[in-house]
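Peer 1: The structure that follows is given in the form of structure tokens.
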Amino acid sequence: MKTGKRLIPIWAIFMTVAFLLTMAACKKEEAFINNDDTIIIGFVIETMTVERWQLDRDIFEAKAKELGAKVIVKNAYEDAERQDQIIRDLVAQGVDTLAVVAYDKESLADAVKYAHEHNVKVIAYDRLIMGADVDLYISFDNYEVGRLIGQSAVDNVPEGRYLILNGAQTDNNAFMLNEGCMSVLQPYIDAGKIEIVDETWVEAWRDEVSYQYVTDKIEQGIEFDVIIAANDRVAEGALNALSENRLTDQVYITGQDAELGACQRIVEGIQDMTVYKSISVLAEGAAEIAVKMAKGEDIGDCGLYDDGKYMVKYIAYEPVAVNKDNINEIIIKGGFYTIEQVYANIDKENWPEN
Ligand code: GAL
């Protein structure tokens with residue numbers, strides 16, 4: 001009788017094979033390694049908590065798919081280091097082009113360099129990456145966004161006390177917007193017609209932050225007639241603070257993005273304006289260019305923008321100011337939202353005839 005040789009039970013063989021197959025599947029999922037002809041675009045977004053980025057993602061993905069490309073979407077969860085690592089991982093895995101919505105304008109130059117060293121072109125999607133020599137910065141005219149906000153405020157409140165809530169200091173768009181806005185306000189300030197009672201930069205454009213800031217100002221007894229809110233989320237937080245203090249009616253308040261909530265507030269007379277930026281135009285334009293870049297094709301004529309170190313190609317789409325007078329025309333007839341969505345909180349007899 002032979003000894004020392006143990007028979008392996010059949011269930012153990014099954015378990016081992018199943019384990020190995022699972023491992024192989026996981027590995028494939030983790031590192032896709034691009035080795036076929038399909039164009040793969042990495043889309044790295046700073047966060048998914050902002051309504052508009054979800055729309056940007058969906059439209060970008062749909063357009064890329066229509067053009068035969070695949071999109072891998074990654075969320076950086078408002079974490080600069082994580083975003084840097086995601087970019088490097090996608091490059092290592094073989095993406096053809098990268099589109100990046102930067103969380104922190106200053107922190108991604110090295111990751112972009114790494115992409116360039118591996119012949120991967122990088123599109124700064126909606127937000128510029130500073131000192132990185134990106135292959136394209138595609139966005140809206142963010143200076144004009146600020147100008148429209150400032151103009152609407154002075155048209156409605158040419159004399160008064162202004163509280164300014166800028167966007168995030170980590171986002172170059174916030175500075176472009178502030179510059180555009182100040183280009184309108186400054187002459188009024190110089191003439192003594194407008195007084196800036198206080199100004200802040202809202203961390204990560206969060207509504208909780210703007211809520212707390214405006215609450216503090218009210219508690220400190222600071223009075224104001226206008227809130228320059230750099231986007232609709234910032235406006236939402238500010239408006240919550242105003243409404244808790246029954247001040248909503250007394251303050252002219254701006255916004256940006258034409259978020260559904262903001263459009264509803266405009267028809268309800270709670271928020272005074274927002275700035276509409278066609279996400280389809282941006283997302284589809286960027287997806288088309290990402291595919292062109294992957295194929296090594298020319299991307300056509302662009303403007304230029306200074307990233308602090310290099311002049312980079314810049315495509316800037318036009319924003320539109322929206323208020324209660326043109327919301328039906330721009331937002332509803334323009335097809336961004338339906339009348340049912342925008343007027344959800346208003347009695348039907350008061351809806352406009354479209
Ligand atoms: C900006 C962008 C705005 C707004 C904001 C907060 O960069 O231009 O549209 O969404 O980020 O996410």
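Identifiers for the structure tokens are assigned positionally: chains receive A, B, ... in sequence, residues are indexed from 1 per chain, and ligands are indexed from 1 in the order shown.
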Residues at most 7 Å from ligand 1, using only C-alpha atoms and all ligand atoms? Could they come as a list of chain:residue names?

Peer 2: A:Val50, A:Arg52, A:Asp126, A:Arg127, A:Asp171, A:Asn173, A:Ala174, A:Trp205, A:Asn231, A:Gln256, A:Asp257

Peer 1: Out of region 47-206 of chain A, which residues get strand (DSSP E) from DSSP, as a PyMOL selection string?

Peer 2: chain A and resi 69-75+97-100+121-125+136-140+160-166+194-201

Peer 1: Set the distance at 12 Å and use only C-alpha atoms: which residues neighbour Asn326 (chain A) once local chain neighbours fewer than 2 positions away are removed? I'd like the list as a VMD selection string.

Peer 2: chain A and resid 263 266 to 267 272 to 276 320 to 324 328 to 334 352

Peer 1: Hey, which of A:Ala124, A:Cys181, A:Ile222, A:Val251 ends up closest to Leu136 (chain A)? Count only C-alpha atoms.

Peer 2: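 Between A:Ala124, A:Cys181, A:Ile222, A:Val251, the residue approaching Leu136 (chain A) most closely is A:Ala124.
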
Peer 1: Go through A:Ala235, A:Ala132, A:Met311, A:Leu247 and flag the residue nearest Glu106 (chain A), using only C-alpha atoms for the distances.

Peer 2: A:Ala132

Peer 1: Quick one: residues within 10 Å of His116 (chain A), only C-alpha atoms, excluding same-chain residues fewer than 6 positions away - as a list in words?

Peer 2: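 The neighbour list is Val91, Asp110, Val122, Asp133, Val134 and Asp135 of chain A.
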
Peer 1: Using N, CA and C atoms, can you write the selected residues to a file as a PDB file, in the first residue's frame?

Peer 2:
ATOM      1  N   VAL A  91      -3.363  56.674 -17.130  1.00  0.00           N
ATOM      2  CA  VAL A  91      -2.292  56.742 -18.140  1.00  0.00           C
ATOM      3  C   VAL A  91      -1.584  55.385 -18.213  1.00  0.00           C
ATOM      4  N   ASP A 110       2.155  68.001 -12.343  1.00  0.00           N
ATOM      5  CA  ASP A 110       3.039  66.829 -12.454  1.00  0.00           C
ATOM      6  C   ASP A 110       2.320  65.648 -13.098  1.00  0.00           C
ATOM      7  N   VAL A 122      -4.062  65.855 -22.700  1.00  0.00           N
ATOM      8  CA  VAL A 122      -4.932  66.184 -21.562  1.00  0.00           C
ATOM      9  C   VAL A 122      -5.780  67.425 -21.872  1.00  0.00           C
ATOM     10  N   ASP A 133       0.552  73.309 -19.057  1.00  0.00           N
ATOM     11  CA  ASP A 133       0.620  73.232 -20.514  1.00  0.00           C
ATOM     12  C   ASP A 133      -0.348  72.175 -21.062  1.00  0.00           C
ATOM     13  N   VAL A 134      -1.588  72.198 -20.582  1.00  0.00           N
ATOM     14  CA  VAL A 134      -2.576  71.230 -21.077  1.00  0.00           C
ATOM     15  C   VAL A 134      -2.762  71.411 -22.582  1.00  0.00           C
ATOM     16  N   ASP A 135      -3.294  70.392 -23.224  1.00  0.00           N
ATOM     17  CA  ASP A 135      -3.445  70.447 -24.682  1.00  0.00           C
ATOM     18  C   ASP A 135      -4.649  71.273 -25.092  1.00  0.00           C
TER      19      ASP A 135
END

Peer 1: Considering only C-alpha atoms, state which residue in the set A:Glu318, A:Glu268, A:Asp298, A:Glu208 is at the smallest distance from Ser139 (chain A).

Peer 2: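 For Ser139 (chain A), the nearest of the candidates is A:Glu318.
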
Peer 1: Looking at A:Glu259, A:Asp347, A:Glu219, A:Asp190, which one is nearest to Glu236 (chain A), with distances taken over only C-alpha atoms?

Peer 2: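 Ranked by minimum distance to Glu236 (chain A), first place goes to A:Glu259.
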
Peer 1: Nearest to Val145 (chain A) among A:Ala69, A:Leu177, A:Ile196, A:Ala109, with distances taken over only C-alpha atoms: which residue is it?

Peer 2: A:Leu177

Peer 1: Determine, counting only C-alpha atoms, which protein, DNA and RNA residues have an atom within 12 Å of an atom of Ile315 (chain A); residues of the same chain fewer than 5 positions away are not included. Present the result as a list in words.

Peer 2: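 Returned residues: Ile123, Ala124, Tyr125, Asp126, Arg127, Leu128, Asp135, Leu136, Tyr137, Ile138, Ser139, Phe140, Asp141, Asn142, Val281, Leu282, Gly285, Ala286, Ile289, Ile299, Gly300, Asp301, Cys302, Gly303, Leu304 and Tyr305 of chain A.
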
Peer 1: Can I get the selection written as a CSV table (one decimal), in the first residue's frame, with N, CA, C and O atoms?

Peer 2:
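Generated file (selection.csv):
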chain,number,residue,atom,x,y,z
A,123,ILE,N,-7.1,67.3,-21.7
A,123,ILE,CA,-8.0,68.4,-21.8
A,123,ILE,C,-8.4,68.9,-20.4
A,123,ILE,O,-8.8,68.1,-19.6
A,124,ALA,N,-8.2,70.2,-20.2
A,124,ALA,CA,-8.7,70.7,-18.9
A,124,ALA,C,-10.2,71.0,-19.2
A,124,ALA,O,-10.5,72.0,-19.9
A,125,TYR,N,-11.0,70.2,-18.6
A,125,TYR,CA,-12.4,70.3,-18.9
A,125,TYR,C,-13.1,71.3,-17.9
A,125,TYR,O,-13.1,71.1,-16.7
A,126,ASP,N,-13.6,72.4,-18.4
A,126,ASP,CA,-14.2,73.5,-17.7
A,126,ASP,C,-13.4,74.2,-16.7
A,126,ASP,O,-13.6,75.4,-16.5
A,127,ARG,N,-12.4,73.6,-16.1
A,127,ARG,CA,-11.5,74.3,-15.2
A,127,ARG,C,-10.1,74.2,-15.6
A,127,ARG,O,-9.6,73.1,-15.9
A,128,LEU,N,-9.4,75.3,-15.6
A,128,LEU,CA,-8.0,75.3,-16.0
A,128,LEU,C,-7.1,74.6,-15.0
A,128,LEU,O,-7.3,74.7,-13.8
A,135,ASP,N,-3.3,70.4,-23.2
A,135,ASP,CA,-3.4,70.4,-24.7
A,135,ASP,C,-4.6,71.3,-25.1
A,135,ASP,O,-4.7,71.7,-26.2
A,136,LEU,N,-5.6,71.5,-24.2
A,136,LEU,CA,-6.7,72.3,-24.4
A,136,LEU,C,-7.4,72.7,-23.1
A,136,LEU,O,-7.6,71.8,-22.2
A,137,TYR,N,-7.8,73.9,-23.0
A,137,TYR,CA,-8.7,74.3,-21.9
A,137,TYR,C,-10.0,74.6,-22.6
A,137,TYR,O,-10.1,75.6,-23.4
A,138,ILE,N,-11.1,73.8,-22.3
A,138,ILE,CA,-12.4,74.0,-22.9
A,138,ILE,C,-13.4,74.3,-21.8
A,138,ILE,O,-13.5,73.6,-20.9
A,139,SER,N,-14.0,75.5,-22.0
A,139,SER,CA,-15.0,75.9,-20.9
A,139,SER,C,-15.9,77.0,-21.5
A,139,SER,O,-16.1,77.0,-22.7
A,140,PHE,N,-16.4,77.8,-20.6
A,140,PHE,CA,-17.2,79.0,-21.0
A,140,PHE,C,-16.3,80.2,-20.8
A,140,PHE,O,-15.2,80.1,-20.3
A,141,ASP,N,-16.8,81.3,-21.3
A,141,ASP,CA,-16.1,82.6,-21.0
A,141,ASP,C,-16.4,82.9,-19.6
A,141,ASP,O,-17.5,83.5,-19.3
A,142,ASN,N,-15.6,82.5,-18.7
A,142,ASN,CA,-15.9,82.7,-17.2
A,142,ASN,C,-15.8,84.1,-16.8
A,142,ASN,O,-16.4,84.5,-15.8
A,281,VAL,N,-23.3,71.8,-25.3
A,281,VAL,CA,-22.3,72.3,-26.2
A,281,VAL,C,-20.9,72.0,-25.7
A,281,VAL,O,-20.1,71.6,-26.5
A,282,LEU,N,-20.7,72.2,-24.4
A,282,LEU,CA,-19.4,72.0,-23.9
A,282,LEU,C,-19.0,70.5,-23.9
A,282,LEU,O,-18.0,70.1,-24.4
A,285,GLY,N,-18.7,69.1,-27.4
A,285,GLY,CA,-17.5,69.7,-28.1
A,285,GLY,C,-16.2,69.0,-27.5
A,285,GLY,O,-15.3,68.6,-28.3
A,286,ALA,N,-16.2,68.8,-26.2
A,286,ALA,CA,-15.0,68.2,-25.6
A,286,ALA,C,-14.9,66.8,-26.0
A,286,ALA,O,-13.7,66.3,-26.2
A,289,ILE,N,-13.5,66.5,-29.5
A,289,ILE,CA,-12.0,66.9,-29.5
A,289,ILE,C,-11.2,65.7,-28.9
A,289,ILE,O,-10.1,65.4,-29.4
A,299,ILE,N,-7.2,69.8,-34.0
A,299,ILE,CA,-8.5,70.1,-33.3
A,299,ILE,C,-9.0,71.5,-33.8
A,299,ILE,O,-10.0,72.0,-33.3
A,300,GLY,N,-8.4,72.1,-34.8
A,300,GLY,CA,-9.0,73.3,-35.4
A,300,GLY,C,-8.5,74.6,-34.6
A,300,GLY,O,-7.7,74.5,-33.7
A,301,ASP,N,-9.2,75.7,-34.9
A,301,ASP,CA,-8.8,77.0,-34.4
A,301,ASP,C,-9.2,77.1,-32.9
A,301,ASP,O,-10.3,76.8,-32.6
A,302,CYS,N,-8.4,77.7,-32.1
A,302,CYS,CA,-8.7,77.9,-30.7
A,302,CYS,C,-8.1,79.3,-30.3
A,302,CYS,O,-7.2,79.8,-31.0
A,303,GLY,N,-8.6,79.9,-29.2
A,303,GLY,CA,-8.0,81.0,-28.7
A,303,GLY,C,-6.8,80.6,-27.8
A,303,GLY,O,-6.5,79.4,-27.8
A,304,LEU,N,-6.3,81.5,-27.0
A,304,LEU,CA,-5.2,81.2,-26.1
A,304,LEU,C,-5.5,81.7,-24.7
A,304,LEU,O,-6.1,82.8,-24.6
A,305,TYR,N,-5.0,81.0,-23.7
A,305,TYR,CA,-5.2,81.5,-22.3
A,305,TYR,C,-3.9,81.2,-21.6
A,305,TYR,O,-3.3,80.2,-21.7

Peer 1: Report the distance between CA of Lys65 (chain A) and CA of Ala287 (chain A) in Å, rounded to one decimal place.

Peer 2: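 Those two atoms sit 9.2 Å apart.
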
Peer 1: Select, from A:Ile253, A:Ala229, A:Val95, A:Asp84, the residue with the minimum atom-to-atom distance to Val112 (chain A), counting only C-alpha atoms.

Peer 2: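 Looking at the shortest contact to Val112 (chain A), the residue is A:Asp84.
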
Peer 1: Just asking: which residues within region 127-354 of chain A are alpha helix (DSSP H) according to DSSP, as a count of residues only?

Peer 2: 90
